[in-house]
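Q: What follows is model.cif, made up of mmCIF, C-alpha atoms and all ligand atoms:
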```cif
data_my_file
loop_
_atom_site.group_PDB
_atom_site.id
_atom_site.type_symbol
_atom_site.label_atom_id
_atom_site.label_comp_id
_atom_site.auth_asym_id
_atom_site.auth_seq_id
_atom_site.Cartn_x
_atom_site.Cartn_y
_atom_site.Cartn_z
ATOM 1 C CA MET J 1 160.180 100.646 114.540
ATOM 2 C CA LYS J 2 159.593 103.184 111.775
ATOM 3 C CA ASP J 3 162.512 101.563 109.948
ATOM 4 C CA TYR J 4 160.995 98.076 110.271
ATOM 5 C CA LEU J 5 161.124 96.368 106.883
ATOM 6 C CA PRO J 6 158.579 93.555 106.833
ATOM 7 C CA PRO J 7 159.168 90.661 104.448
ATOM 8 C CA SER J 8 156.616 90.665 101.620
ATOM 9 C CA ASP J 9 155.148 87.375 102.899
ATOM 10 C CA LEU J 10 155.024 88.485 106.564
ATOM 11 C CA LEU J 11 151.335 87.630 106.924
ATOM 12 C CA ALA J 12 150.994 84.900 104.271
ATOM 13 C CA GLY J 13 148.342 82.361 105.168
ATOM 14 C CA ARG J 14 147.001 84.439 108.053
ATOM 15 C CA VAL J 15 143.456 85.704 108.509
ATOM 16 C CA ILE J 16 143.150 89.093 110.191
ATOM 17 C CA LEU J 17 139.977 90.860 111.289
ATOM 18 C CA VAL J 18 140.094 94.670 111.056
ATOM 19 C CA THR J 19 137.354 96.840 112.561
ATOM 20 C CA GLY J 20 136.965 100.312 111.103
ATOM 21 C CA ALA J 21 138.407 98.829 107.904
ATOM 22 C CA SER J 22 136.662 101.274 105.581
ATOM 23 C CA SER J 23 138.509 104.460 106.530
ATOM 24 C CA GLY J 24 141.690 106.045 107.847
ATOM 25 C CA LEU J 25 144.101 103.804 109.738
ATOM 26 C CA GLY J 26 141.851 100.722 109.525
ATOM 27 C CA ARG J 27 141.653 101.021 105.747
ATOM 28 C CA ALA J 28 145.421 101.590 105.408
ATOM 29 C CA ALA J 29 146.143 98.615 107.699
ATOM 30 C CA SER J 30 143.739 96.366 105.769
ATOM 31 C CA LEU J 31 145.538 97.215 102.519
ATOM 32 C CA ALA J 32 148.971 96.764 104.139
ATOM 33 C CA PHE J 33 148.009 93.410 105.705
ATOM 34 C CA ALA J 34 146.629 92.169 102.369
ATOM 35 C CA ARG J 35 149.753 93.401 100.564
ATOM 36 C CA HIS J 36 151.793 91.239 102.953
ATOM 37 C CA GLY J 37 149.755 88.126 102.242
ATOM 38 C CA ALA J 38 146.886 88.173 104.745
ATOM 39 C CA THR J 39 143.266 87.418 104.050
ATOM 40 C CA VAL J 40 141.533 90.363 105.689
ATOM 41 C CA ALA J 41 138.072 90.280 107.251
ATOM 42 C CA LEU J 42 136.851 93.855 106.753
ATOM 43 C CA LEU J 43 134.391 95.179 109.347
ATOM 44 C CA ALA J 44 132.544 98.516 109.494
ATOM 45 C CA ARG J 45 128.918 99.647 109.264
ATOM 46 C CA GLY J 46 128.759 101.088 105.744
ATOM 47 C CA GLU J 47 128.781 98.501 102.962
ATOM 48 C CA ALA J 48 129.675 100.869 100.125
ATOM 49 C CA ARG J 49 132.932 102.017 101.707
ATOM 50 C CA LEU J 50 133.798 98.423 102.694
ATOM 51 C CA GLU J 51 133.234 97.381 99.085
ATOM 52 C CA ALA J 52 135.658 100.061 97.912
ATOM 53 C CA VAL J 53 138.404 98.563 100.119
ATOM 54 C CA TYR J 54 137.455 95.043 99.022
ATOM 55 C CA ASP J 55 137.717 96.099 95.344
ATOM 56 C CA GLU J 56 141.073 97.795 95.918
ATOM 57 C CA ILE J 57 142.536 94.642 97.501
ATOM 58 C CA VAL J 58 141.192 92.362 94.762
ATOM 59 C CA ALA J 59 142.336 94.722 91.971
ATOM 60 C CA ALA J 60 145.857 94.663 93.428
ATOM 61 C CA GLY J 61 145.872 90.852 93.208
ATOM 62 C CA HIS J 62 146.098 90.271 96.971
ATOM 63 C CA PRO J 63 144.216 87.444 98.759
ATOM 64 C CA GLU J 64 140.452 87.957 98.407
ATOM 65 C CA PRO J 65 139.138 89.615 101.575
ATOM 66 C CA ALA J 66 135.752 89.101 103.206
ATOM 67 C CA MET J 67 133.304 91.823 104.233
ATOM 68 C CA PHE J 68 131.409 91.880 107.497
ATOM 69 C CA PRO J 69 129.096 94.919 107.686
ATOM 70 C CA TYR J 70 128.410 95.242 111.398
ATOM 71 C CA ASP J 71 127.466 97.940 113.930
ATOM 72 C CA LEU J 72 129.647 97.681 117.031
ATOM 73 C CA ALA J 73 127.492 100.257 118.860
ATOM 74 C CA THR J 74 124.616 97.791 119.164
ATOM 75 C CA ALA J 75 126.649 94.585 119.425
ATOM 76 C CA ASP J 76 125.711 91.940 121.985
ATOM 77 C CA ASP J 77 127.441 88.702 122.979
ATOM 78 C CA ARG J 78 125.212 86.522 120.808
ATOM 79 C CA GLY J 79 125.708 88.729 117.726
ATOM 80 C CA LEU J 80 129.467 88.780 118.213
ATOM 81 C CA GLU J 81 129.587 85.003 118.645
ATOM 82 C CA THR J 82 127.615 84.678 115.402
ATOM 83 C CA LEU J 83 130.133 86.998 113.744
ATOM 84 C CA ALA J 84 133.057 84.882 115.007
ATOM 85 C CA GLY J 85 131.210 81.793 113.757
ATOM 86 C CA ALA J 86 130.838 83.381 110.311
ATOM 87 C CA ILE J 87 134.582 84.103 110.211
ATOM 88 C CA ALA J 88 135.305 80.494 111.165
ATOM 89 C CA HIS J 89 132.843 79.216 108.554
ATOM 90 C CA HIS J 90 134.021 81.381 105.648
ATOM 91 C CA LEU J 91 137.721 81.897 106.417
ATOM 92 C CA LYS J 92 138.469 78.795 108.542
ATOM 93 C CA ARG J 93 140.853 80.506 110.976
ATOM 94 C CA LEU J 94 141.725 83.762 112.702
ATOM 95 C CA ASP J 95 145.280 84.913 113.481
ATOM 96 C CA GLY J 96 144.802 88.537 114.415
ATOM 97 C CA VAL J 97 142.372 91.309 115.262
ATOM 98 C CA LEU J 98 143.051 95.021 114.781
ATOM 99 C CA HIS J 99 140.477 97.137 116.584
ATOM 100 C CA SER J 100 140.464 100.447 114.691
ATOM 101 C CA ALA J 101 136.771 101.480 114.691
ATOM 102 C CA HIS J 102 136.004 104.419 116.941
ATOM 103 C CA ARG J 103 133.301 106.841 118.024
ATOM 104 C CA PHE J 104 134.108 110.502 118.597
ATOM 105 C CA TYR J 105 131.808 113.492 119.092
ATOM 106 C CA SER J 106 133.815 116.665 119.644
ATOM 107 C CA LEU J 107 136.231 118.213 122.098
ATOM 108 C CA THR J 108 134.030 119.589 124.894
ATOM 109 C CA PRO J 109 134.167 120.103 128.663
ATOM 110 C CA LEU J 110 132.944 117.121 130.667
ATOM 111 C CA GLU J 111 129.981 119.081 132.000
ATOM 112 C CA LEU J 112 128.580 119.356 128.464
ATOM 113 C CA GLN J 113 128.906 115.628 127.695
ATOM 114 C CA THR J 114 125.721 113.600 128.080
ATOM 115 C CA LEU J 115 125.091 110.127 129.432
ATOM 116 C CA ASP J 116 123.928 108.976 125.983
ATOM 117 C CA GLU J 117 127.176 110.223 124.427
ATOM 118 C CA TRP J 118 129.238 108.473 127.113
ATOM 119 C CA GLN J 119 127.349 105.230 126.552
ATOM 120 C CA ALA J 120 128.093 105.344 122.819
ATOM 121 C CA LEU J 121 131.735 106.275 123.475
ATOM 122 C CA MET J 122 132.157 103.375 125.901
ATOM 123 C CA ARG J 123 130.335 100.873 123.699
ATOM 124 C CA VAL J 124 132.299 101.485 120.494
ATOM 125 C CA ASN J 125 135.693 102.445 121.945
ATOM 126 C CA LEU J 126 135.992 100.056 124.898
ATOM 127 C CA ILE J 127 133.176 97.545 125.342
ATOM 128 C CA ALA J 128 133.040 96.357 121.724
ATOM 129 C CA PRO J 129 136.829 95.753 121.514
ATOM 130 C CA PHE J 130 136.566 93.714 124.727
ATOM 131 C CA ALA J 131 133.470 91.727 123.704
ATOM 132 C CA LEU J 132 134.609 91.133 120.110
ATOM 133 C CA THR J 133 137.998 89.867 121.313
ATOM 134 C CA ARG J 134 136.254 87.616 123.825
ATOM 135 C CA ALA J 135 133.992 86.203 121.104
ATOM 136 C CA CYS J 136 137.031 85.559 118.873
ATOM 137 C CA LEU J 137 139.219 83.968 121.577
ATOM 138 C CA PRO J 138 138.328 80.337 120.799
ATOM 139 C CA LEU J 139 139.386 80.907 117.164
ATOM 140 C CA LEU J 140 142.484 82.924 118.078
ATOM 141 C CA ARG J 141 143.619 80.197 120.457
ATOM 142 C CA GLN J 142 143.739 77.749 117.546
ATOM 143 C CA SER J 143 146.261 79.968 115.733
ATOM 144 C CA PRO J 144 149.981 79.223 116.151
ATOM 145 C CA ASP J 145 150.657 82.970 116.518
ATOM 146 C CA ALA J 146 147.670 85.205 117.292
ATOM 147 C CA SER J 147 147.954 88.965 117.794
ATOM 148 C CA VAL J 148 145.253 91.284 119.138
ATOM 149 C CA VAL J 149 145.908 95.004 118.723
ATOM 150 C CA PHE J 150 143.722 97.626 120.367
ATOM 151 C CA THR J 151 144.055 101.180 119.064
ATOM 152 C CA GLY J 152 144.751 103.589 121.899
ATOM 153 C CA GLU J 153 144.985 107.339 121.882
ATOM 154 C CA SER J 154 147.630 109.670 123.296
ATOM 155 C CA HIS J 155 145.004 111.606 125.279
ATOM 156 C CA GLY J 156 143.911 108.357 126.913
ATOM 157 C CA HIS J 157 147.547 107.731 127.850
ATOM 158 C CA GLN J 158 148.132 111.295 129.072
ATOM 159 C CA PRO J 159 144.732 112.826 129.781
ATOM 160 C CA GLY J 160 143.995 116.450 129.006
ATOM 161 C CA ALA J 161 141.047 118.826 129.088
ATOM 162 C CA TYR J 162 138.086 118.327 126.711
ATOM 163 C CA TRP J 163 138.937 114.784 125.543
ATOM 164 C CA GLY J 164 136.263 113.500 127.941
ATOM 165 C CA GLY J 165 134.627 110.076 127.561
ATOM 166 C CA TYR J 166 136.629 109.331 124.402
ATOM 167 C CA ALA J 167 139.904 109.527 126.351
ATOM 168 C CA VAL J 168 138.440 107.621 129.323
ATOM 169 C CA ALA J 169 137.404 104.764 127.023
ATOM 170 C CA LYS J 170 140.801 104.736 125.318
ATOM 171 C CA ALA J 171 142.549 104.695 128.712
ATOM 172 C CA GLY J 172 140.413 101.659 129.548
ATOM 173 C CA LEU J 173 141.920 99.806 126.581
ATOM 174 C CA GLU J 174 145.353 100.084 128.195
ATOM 175 C CA THR J 175 144.066 98.554 131.430
ATOM 176 C CA LEU J 176 142.239 95.878 129.425
ATOM 177 C CA THR J 177 145.488 95.060 127.603
ATOM 178 C CA ARG J 178 147.381 94.611 130.869
ATOM 179 C CA ILE J 179 144.708 92.526 132.618
ATOM 180 C CA TRP J 180 144.190 90.239 129.645
ATOM 181 C CA SER J 181 147.905 89.818 129.057
ATOM 182 C CA ASP J 182 148.306 88.864 132.719
ATOM 183 C CA GLU J 183 145.508 86.334 132.475
ATOM 184 C CA THR J 184 146.933 84.779 129.286
ATOM 185 C CA ALA J 185 150.612 84.988 130.248
ATOM 186 C CA SER J 186 151.067 81.230 129.865
ATOM 187 C CA GLU J 187 149.590 81.185 126.326
ATOM 188 C CA GLU J 188 152.632 81.616 124.099
ATOM 189 C CA ASN J 189 150.565 81.703 120.924
ATOM 190 C CA LEU J 190 148.397 84.664 121.991
ATOM 191 C CA ARG J 191 149.463 88.271 122.594
ATOM 192 C CA ILE J 192 147.505 91.417 123.247
ATOM 193 C CA ASN J 193 148.885 94.947 122.882
ATOM 194 C CA THR J 194 147.648 98.512 122.486
ATOM 195 C CA LEU J 195 149.052 100.691 119.714
ATOM 196 C CA ILE J 196 148.839 104.477 120.067
ATOM 197 C CA PRO J 197 149.050 106.057 116.601
ATOM 198 C CA GLY J 198 149.769 109.591 117.852
ATOM 199 C CA GLN J 199 149.532 112.398 115.358
ATOM 200 C CA VAL J 200 148.411 111.227 111.928
ATOM 201 C CA ALA J 201 146.558 112.835 109.037
ATOM 202 C CA THR J 202 143.003 111.456 109.113
ATOM 203 C CA THR J 203 139.480 112.875 109.112
ATOM 204 C CA LEU J 204 139.483 112.479 112.901
ATOM 205 C CA ARG J 205 142.508 114.749 113.194
ATOM 206 C CA SER J 206 140.922 117.331 110.902
ATOM 207 C CA ARG J 207 138.040 117.430 113.439
ATOM 208 C CA THR J 208 140.220 117.608 116.570
ATOM 209 C CA HIS J 209 142.810 119.982 115.084
ATOM 210 C CA PRO J 210 140.884 121.876 112.373
ATOM 211 C CA GLY J 211 143.484 124.654 112.010
ATOM 212 C CA LEU J 212 146.468 122.396 111.323
ATOM 213 C CA SER J 213 147.502 121.316 107.853
ATOM 214 C CA PRO J 214 147.496 117.530 107.239
ATOM 215 C CA GLU J 215 150.991 117.822 105.744
ATOM 216 C CA SER J 216 152.377 118.756 109.175
ATOM 217 C CA VAL J 217 151.836 115.232 110.552
ATOM 218 C CA PRO J 218 152.628 111.688 109.335
ATOM 219 C CA SER J 219 150.299 110.027 106.834
ATOM 220 C CA VAL J 220 148.485 106.775 107.690
ATOM 221 C CA ASP J 221 150.944 104.917 105.454
ATOM 222 C CA ASP J 222 153.885 106.267 107.486
ATOM 223 C CA LEU J 223 152.520 104.316 110.491
ATOM 224 C CA MET J 224 152.124 100.963 108.750
ATOM 225 C CA PRO J 225 155.534 99.589 109.869
ATOM 226 C CA TRP J 226 154.165 99.554 113.463
ATOM 227 C CA TYR J 227 150.922 97.855 112.419
ATOM 228 C CA LEU J 228 152.740 95.208 110.397
ATOM 229 C CA TYR J 229 155.304 94.607 113.121
ATOM 230 C CA LEU J 230 152.663 94.065 115.803
ATOM 231 C CA MET J 231 150.551 91.813 113.595
ATOM 232 C CA GLY J 232 153.382 89.610 112.329
ATOM 233 C CA ALA J 233 155.629 87.002 113.909
ATOM 234 C CA ASP J 234 158.547 89.414 114.478
ATOM 235 C CA SER J 235 156.712 90.840 117.512
ATOM 236 C CA ARG J 236 156.066 87.467 119.167
ATOM 237 C CA SER J 237 157.796 88.559 122.357
ATOM 238 C CA VAL J 238 155.854 91.838 122.632
ATOM 239 C CA ARG J 239 153.012 91.220 125.102
ATOM 240 C CA GLY J 240 150.846 93.440 127.226
ATOM 241 C CA GLN J 241 152.595 96.546 125.909
ATOM 242 C CA ILE J 242 151.373 100.043 125.180
ATOM 243 C CA VAL J 243 153.268 100.848 121.998
ATOM 244 C CA GLU J 244 153.443 104.447 120.780
ATOM 245 C CA CYS J 245 154.089 105.182 117.101
ATOM 246 C CA GLN J 246 156.907 107.679 116.872
ATOM 247 C CA THR J 247 158.003 108.749 113.434
HETATM 248 N N1 LIG J 301 143.398 109.957 113.496
HETATM 249 C C1 LIG J 301 144.099 110.208 114.566
HETATM 250 O O1 LIG J 301 144.709 111.249 114.669
HETATM 251 C C2 LIG J 301 144.171 109.191 115.686
HETATM 252 C C3 LIG J 301 145.031 109.437 116.711
HETATM 253 C C4 LIG J 301 145.055 108.526 117.738
HETATM 254 C C5 LIG J 301 144.248 107.417 117.717
HETATM 255 N N2 LIG J 301 143.395 107.203 116.684
HETATM 256 C C6 LIG J 301 142.583 106.004 116.694
HETATM 257 O O2 LIG J 301 142.849 105.293 115.490
HETATM 258 C C7 LIG J 301 141.682 104.571 115.087
HETATM 259 C C8 LIG J 301 141.348 104.905 113.664
HETATM 260 O O3 LIG J 301 141.080 106.278 113.581
HETATM 261 P P1 LIG J 301 140.794 106.947 112.143
HETATM 262 O O4 LIG J 301 140.891 108.413 112.328
HETATM 263 O O5 LIG J 301 141.660 106.281 111.130
HETATM 264 O O6 LIG J 301 139.274 106.502 111.923
HETATM 265 P P2 LIG J 301 138.191 106.946 110.803
HETATM 266 O O7 LIG J 301 138.863 107.322 109.530
HETATM 267 O O8 LIG J 301 137.258 107.949 111.418
HETATM 268 O O9 LIG J 301 137.411 105.576 110.569
HETATM 269 C C9 LIG J 301 136.589 105.035 111.562
HETATM 270 C C10 LIG J 301 136.146 103.659 111.115
HETATM 271 O O10 LIG J 301 135.321 103.074 112.126
HETATM 272 C C11 LIG J 301 134.108 102.591 111.540
HETATM 273 N N3 LIG J 301 133.072 102.662 112.556
HETATM 274 C C12 LIG J 301 132.633 103.770 113.219
HETATM 275 N N4 LIG J 301 131.626 103.454 114.039
HETATM 276 C C13 LIG J 301 131.432 102.113 113.927
HETATM 277 C C14 LIG J 301 130.514 101.194 114.516
HETATM 278 N N5 LIG J 301 129.580 101.595 115.379
HETATM 279 N N6 LIG J 301 130.579 99.887 114.163
HETATM 280 C C15 LIG J 301 131.521 99.461 113.269
HETATM 281 N N7 LIG J 301 132.399 100.292 112.669
HETATM 282 C C16 LIG J 301 132.352 101.609 112.991
HETATM 283 C C17 LIG J 301 133.892 103.538 110.338
HETATM 284 O O11 LIG J 301 133.070 102.984 109.316
HETATM 285 P P3 LIG J 301 131.456 103.167 109.314
HETATM 286 O O12 LIG J 301 131.206 104.614 109.629
HETATM 287 O O13 LIG J 301 131.028 102.729 107.959
HETATM 288 O O14 LIG J 301 130.976 102.241 110.376
HETATM 289 C C18 LIG J 301 135.319 103.675 109.836
HETATM 290 O O15 LIG J 301 135.670 102.554 109.049
HETATM 291 C C19 LIG J 301 140.599 104.945 116.092
HETATM 292 O O16 LIG J 301 140.506 103.920 117.068
HETATM 293 C C20 LIG J 301 141.090 106.239 116.711
HETATM 294 O O17 LIG J 301 140.609 106.421 118.001
HETATM 295 C C21 LIG J 301 143.354 108.060 115.665
#
```
Would you write out, as structure tokens, the structure that this file holds?
Ligand SMILES: NC(=O)c1ccc[n+]([C@@H]2O[C@H](COP(=O)([O-])OP(=O)(O)OC[C@H]3O[C@@H](n4cnc5c(N)ncnc54)[C@H](OP(=O)(O)O)[C@@H]3O)[C@@H](O)[C@H]2O)c1
A:
Amino acid sequence: MKDYLPPSDLLAGRVILVTGASSGLGRAASLAFARHGATVALLARGEARLEAVYDEIVAAGHPEPAMFPYDLATADDRGLETLAGAIAHHLKRLDGVLHSAHRFYSLTPLELQTLDEWQALMRVNLIAPFALTRACLPLLRQSPDASVVFTGESHGHQPGAYWGGYAVAKAGLETLTRIWSDETASEENLRINTLIPGQVATTLRSRTHPGLSPESVPSVDDLMPWYLYLMGADSRSVRGQIVECQT
């Protein structure tokens, strides 16, 4: 997949919602989707950083994105339905969702992790991706080719010490992917997959692996072929899969 060469108009005419769009992989994916013709709905909490991505997309002459400042930690069904309604009102359609926002504290033994921390980890990393997808389903079902991509984590796939509630929530995304894909198996225009980025140079990695140089791992841009492949029509037959980026 790393050699996937997407056509420049791969996502032309599509509207794609990206959570965590202001930083790291979400920001890189938003720019890549826009570069390939998509109108991107940019979601994160901080408006200033969202505006920076918005400005970058507009300055490059790509389709004008839309900004949705929103806190997924406090989301409820009504708020998410209102958000989906705003996307429908302003952008008229929705063809994809990339869930890239995340909550991480630090690598610690389970016995030091608190209930409050676990609640925040579950809400942002597992519950919000579920509830936001659910709120967007009516819109996604109207698309001829809708793709939902959850962002997994290698330590959710293969658990290890100290990754705690973060890894448990990320493992839940894989189960969510399989259940939902089973339940929507007859819907040819809707697919749901989990993408595991693996090692990549982001601020998260500098927190989990502080001693390692960023140059020793792929950059966020190196992973964009996977993101574009899963969001575009070339991956139509890929459903209910846990896809690992391997560069
Ligand atoms: N980096 C890695 O090595 C790695 C490896 C495997 C998997 N992943 C996964 O890849 C994804 C992206 O990681 P990253 O390192 O690129 O992320 P990042 O740079 O830390 O960016 C996180 C994004 O999420 C947003 N966000 C955080 N809390 C939010 C909330 N409550 N509501 C809405 N938005 C929120 C942030 O913006 P605001 O703060 O403004 O809200 C920001 O845009 C994550 O799902 C992560 O688990 C990363």
Q: Need the axis-aligned box for ligand LIG 301 (chain J) with 8 Å each side, so what are the centre and edges in Å to one decimal, as AutoDock Vina command-line options?
A:
```
--center_x 137.3 --center_y 105.4 --center_z 113.0 --size_x 31.5 --size_y 27.8 --size_z 26.0
```
Q: Contacts between ligand LIG 301 (chain J) and chain J, please, where a residue of chain J counts if it comes within 9 Å (with all atoms listed in the file); show its shortest atom pair and distance in Å to one decimal, rows by chain and ascending number, as JSON lines.
A:
```
{"residue": "J:Thr19", "atom": "CA", "partner": "J:LIG301", "partner_atom": "N7", "distance": 6.0}
{"residue": "J:Gly20", "atom": "CA", "partner": "J:LIG301", "partner_atom": "O15", "distance": 3.3}
{"residue": "J:Ala21", "atom": "CA", "partner": "J:LIG301", "partner_atom": "O15", "distance": 4.8}
{"residue": "J:Ser22", "atom": "CA", "partner": "J:LIG301", "partner_atom": "O15", "distance": 3.8}
{"residue": "J:Ser23", "atom": "CA", "partner": "J:LIG301", "partner_atom": "O7", "distance": 4.2}
{"residue": "J:Gly24", "atom": "CA", "partner": "J:LIG301", "partner_atom": "O5", "distance": 3.3}
{"residue": "J:Leu25", "atom": "CA", "partner": "J:LIG301", "partner_atom": "O5", "distance": 3.7}
{"residue": "J:Gly26", "atom": "CA", "partner": "J:LIG301", "partner_atom": "O5", "distance": 5.8}
{"residue": "J:Arg27", "atom": "CA", "partner": "J:LIG301", "partner_atom": "O15", "distance": 7.0}
{"residue": "J:Ala28", "atom": "CA", "partner": "J:LIG301", "partner_atom": "O5", "distance": 8.3}
{"residue": "J:Leu43", "atom": "CA", "partner": "J:LIG301", "partner_atom": "N7", "distance": 6.4}
{"residue": "J:Ala44", "atom": "CA", "partner": "J:LIG301", "partner_atom": "N7", "distance": 3.6}
{"residue": "J:Arg45", "atom": "CA", "partner": "J:LIG301", "partner_atom": "O14", "distance": 3.5}
{"residue": "J:Gly46", "atom": "CA", "partner": "J:LIG301", "partner_atom": "O13", "distance": 3.6}
{"residue": "J:Glu47", "atom": "CA", "partner": "J:LIG301", "partner_atom": "O13", "distance": 6.9}
{"residue": "J:Ala48", "atom": "CA", "partner": "J:LIG301", "partner_atom": "O13", "distance": 8.2}
{"residue": "J:Arg49", "atom": "CA", "partner": "J:LIG301", "partner_atom": "O13", "distance": 6.6}
{"residue": "J:Leu50", "atom": "CA", "partner": "J:LIG301", "partner_atom": "O13", "distance": 7.3}
{"residue": "J:Pro69", "atom": "CA", "partner": "J:LIG301", "partner_atom": "C15", "distance": 7.6}
{"residue": "J:Tyr70", "atom": "CA", "partner": "J:LIG301", "partner_atom": "C15", "distance": 5.6}
{"residue": "J:Asp71", "atom": "CA", "partner": "J:LIG301", "partner_atom": "N6", "distance": 3.7}
{"residue": "J:Leu72", "atom": "CA", "partner": "J:LIG301", "partner_atom": "N6", "distance": 3.7}
{"residue": "J:Ala73", "atom": "CA", "partner": "J:LIG301", "partner_atom": "N5", "distance": 4.3}
{"residue": "J:Thr74", "atom": "CA", "partner": "J:LIG301", "partner_atom": "N5", "distance": 7.3}
{"residue": "J:Ala75", "atom": "CA", "partner": "J:LIG301", "partner_atom": "N6", "distance": 8.4}
{"residue": "J:His99", "atom": "CA", "partner": "J:LIG301", "partner_atom": "O16", "distance": 6.8}
{"residue": "J:Ser100", "atom": "CA", "partner": "J:LIG301", "partner_atom": "O16", "distance": 4.2}
{"residue": "J:Ala101", "atom": "CA", "partner": "J:LIG301", "partner_atom": "O10", "distance": 3.4}
{"residue": "J:His102", "atom": "CA", "partner": "J:LIG301", "partner_atom": "O16", "distance": 4.5}
{"residue": "J:Arg103", "atom": "CA", "partner": "J:LIG301", "partner_atom": "N4", "distance": 5.5}
{"residue": "J:Phe104", "atom": "CA", "partner": "J:LIG301", "partner_atom": "O17", "distance": 7.7}
{"residue": "J:Ala120", "atom": "CA", "partner": "J:LIG301", "partner_atom": "N5", "distance": 8.5}
{"residue": "J:Arg123", "atom": "CA", "partner": "J:LIG301", "partner_atom": "N5", "distance": 8.4}
{"residue": "J:Val124", "atom": "CA", "partner": "J:LIG301", "partner_atom": "N5", "distance": 5.8}
{"residue": "J:Asn125", "atom": "CA", "partner": "J:LIG301", "partner_atom": "O16", "distance": 7.0}
{"residue": "J:Ala128", "atom": "CA", "partner": "J:LIG301", "partner_atom": "N6", "distance": 8.7}
{"residue": "J:Phe150", "atom": "CA", "partner": "J:LIG301", "partner_atom": "O16", "distance": 7.8}
{"residue": "J:Thr151", "atom": "CA", "partner": "J:LIG301", "partner_atom": "O16", "distance": 4.9}
{"residue": "J:Gly152", "atom": "CA", "partner": "J:LIG301", "partner_atom": "C5", "distance": 5.7}
{"residue": "J:Glu153", "atom": "CA", "partner": "J:LIG301", "partner_atom": "C5", "distance": 4.2}
{"residue": "J:Ser154", "atom": "CA", "partner": "J:LIG301", "partner_atom": "C4", "distance": 6.2}
{"residue": "J:His155", "atom": "CA", "partner": "J:LIG301", "partner_atom": "C4", "distance": 8.1}
{"residue": "J:Tyr166", "atom": "CA", "partner": "J:LIG301", "partner_atom": "O17", "distance": 8.1}
{"residue": "J:Ala167", "atom": "CA", "partner": "J:LIG301", "partner_atom": "O17", "distance": 8.9}
{"residue": "J:Lys170", "atom": "CA", "partner": "J:LIG301", "partner_atom": "O17", "distance": 7.5}
{"residue": "J:Leu195", "atom": "CA", "partner": "J:LIG301", "partner_atom": "C5", "distance": 8.5}
{"residue": "J:Ile196", "atom": "CA", "partner": "J:LIG301", "partner_atom": "C5", "distance": 5.9}
{"residue": "J:Pro197", "atom": "CA", "partner": "J:LIG301", "partner_atom": "C4", "distance": 4.8}
{"residue": "J:Gly198", "atom": "CA", "partner": "J:LIG301", "partner_atom": "C4", "distance": 4.8}
{"residue": "J:Gln199", "atom": "CA", "partner": "J:LIG301", "partner_atom": "O1", "distance": 5.0}
{"residue": "J:Val200", "atom": "CA", "partner": "J:LIG301", "partner_atom": "O1", "distance": 4.6}
{"residue": "J:Ala201", "atom": "CA", "partner": "J:LIG301", "partner_atom": "O1", "distance": 6.1}
{"residue": "J:Thr202", "atom": "CA", "partner": "J:LIG301", "partner_atom": "N1", "distance": 4.6}
{"residue": "J:Thr203", "atom": "CA", "partner": "J:LIG301", "partner_atom": "O7", "distance": 5.6}
{"residue": "J:Leu204", "atom": "CA", "partner": "J:LIG301", "partner_atom": "O4", "distance": 4.3}
{"residue": "J:Arg205", "atom": "CA", "partner": "J:LIG301", "partner_atom": "O1", "distance": 4.4}
{"residue": "J:Ser206", "atom": "CA", "partner": "J:LIG301", "partner_atom": "O1", "distance": 8.1}
{"residue": "J:Thr208", "atom": "CA", "partner": "J:LIG301", "partner_atom": "O1", "distance": 8.0}
{"residue": "J:His209", "atom": "CA", "partner": "J:LIG301", "partner_atom": "O1", "distance": 8.9}
{"residue": "J:Val220", "atom": "CA", "partner": "J:LIG301", "partner_atom": "O5", "distance": 7.7}
```
Q: Using CA of Leu228 in chain J and CA of Gly240 in chain J as the two end points, give the distance in Å to one decimal.
A: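 CA of Gly240 in chain J lies at a distance of 17.0 Å from CA of Leu228 in chain J.
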Q: Given the PyMOL selection byres (((chain J and resi 92) around 12) and not hetatm) and the file above, list the residues it selects as an mmCIF file with C-alpha atoms, keeping the file's coordinate frame.
A:
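So the final result, stored in part-v2.cif, reads:
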```cif
data_model
loop_
_atom_site.group_PDB
_atom_site.id
_atom_site.type_symbol
_atom_site.label_atom_id
_atom_site.label_comp_id
_atom_site.auth_asym_id
_atom_site.auth_seq_id
_atom_site.Cartn_x
_atom_site.Cartn_y
_atom_site.Cartn_z
ATOM 1 C CA GLY J 13 148.342 82.361 105.168
ATOM 2 C CA ARG J 14 147.001 84.439 108.053
ATOM 3 C CA VAL J 15 143.456 85.704 108.509
ATOM 4 C CA ILE J 16 143.150 89.093 110.191
ATOM 5 C CA THR J 39 143.266 87.418 104.050
ATOM 6 C CA ALA J 41 138.072 90.280 107.251
ATOM 7 C CA ALA J 66 135.752 89.101 103.206
ATOM 8 C CA ALA J 84 133.057 84.882 115.007
ATOM 9 C CA GLY J 85 131.210 81.793 113.757
ATOM 10 C CA ALA J 86 130.838 83.381 110.311
ATOM 11 C CA ILE J 87 134.582 84.103 110.211
ATOM 12 C CA ALA J 88 135.305 80.494 111.165
ATOM 13 C CA HIS J 89 132.843 79.216 108.554
ATOM 14 C CA HIS J 90 134.021 81.381 105.648
ATOM 15 C CA LEU J 91 137.721 81.897 106.417
ATOM 16 C CA ARG J 93 140.853 80.506 110.976
ATOM 17 C CA LEU J 94 141.725 83.762 112.702
ATOM 18 C CA ASP J 95 145.280 84.913 113.481
ATOM 19 C CA LEU J 139 139.386 80.907 117.164
ATOM 20 C CA LEU J 140 142.484 82.924 118.078
ATOM 21 C CA GLN J 142 143.739 77.749 117.546
ATOM 22 C CA SER J 143 146.261 79.968 115.733
#
```
Q: Could you state which residues are captured by the PyMOL selection byres (((chain J and resi 177-189) around 6) and not hetatm) in this file, as a VMD selection string?
A: chain J and resid 144 to 146 174 to 176 190 193 240
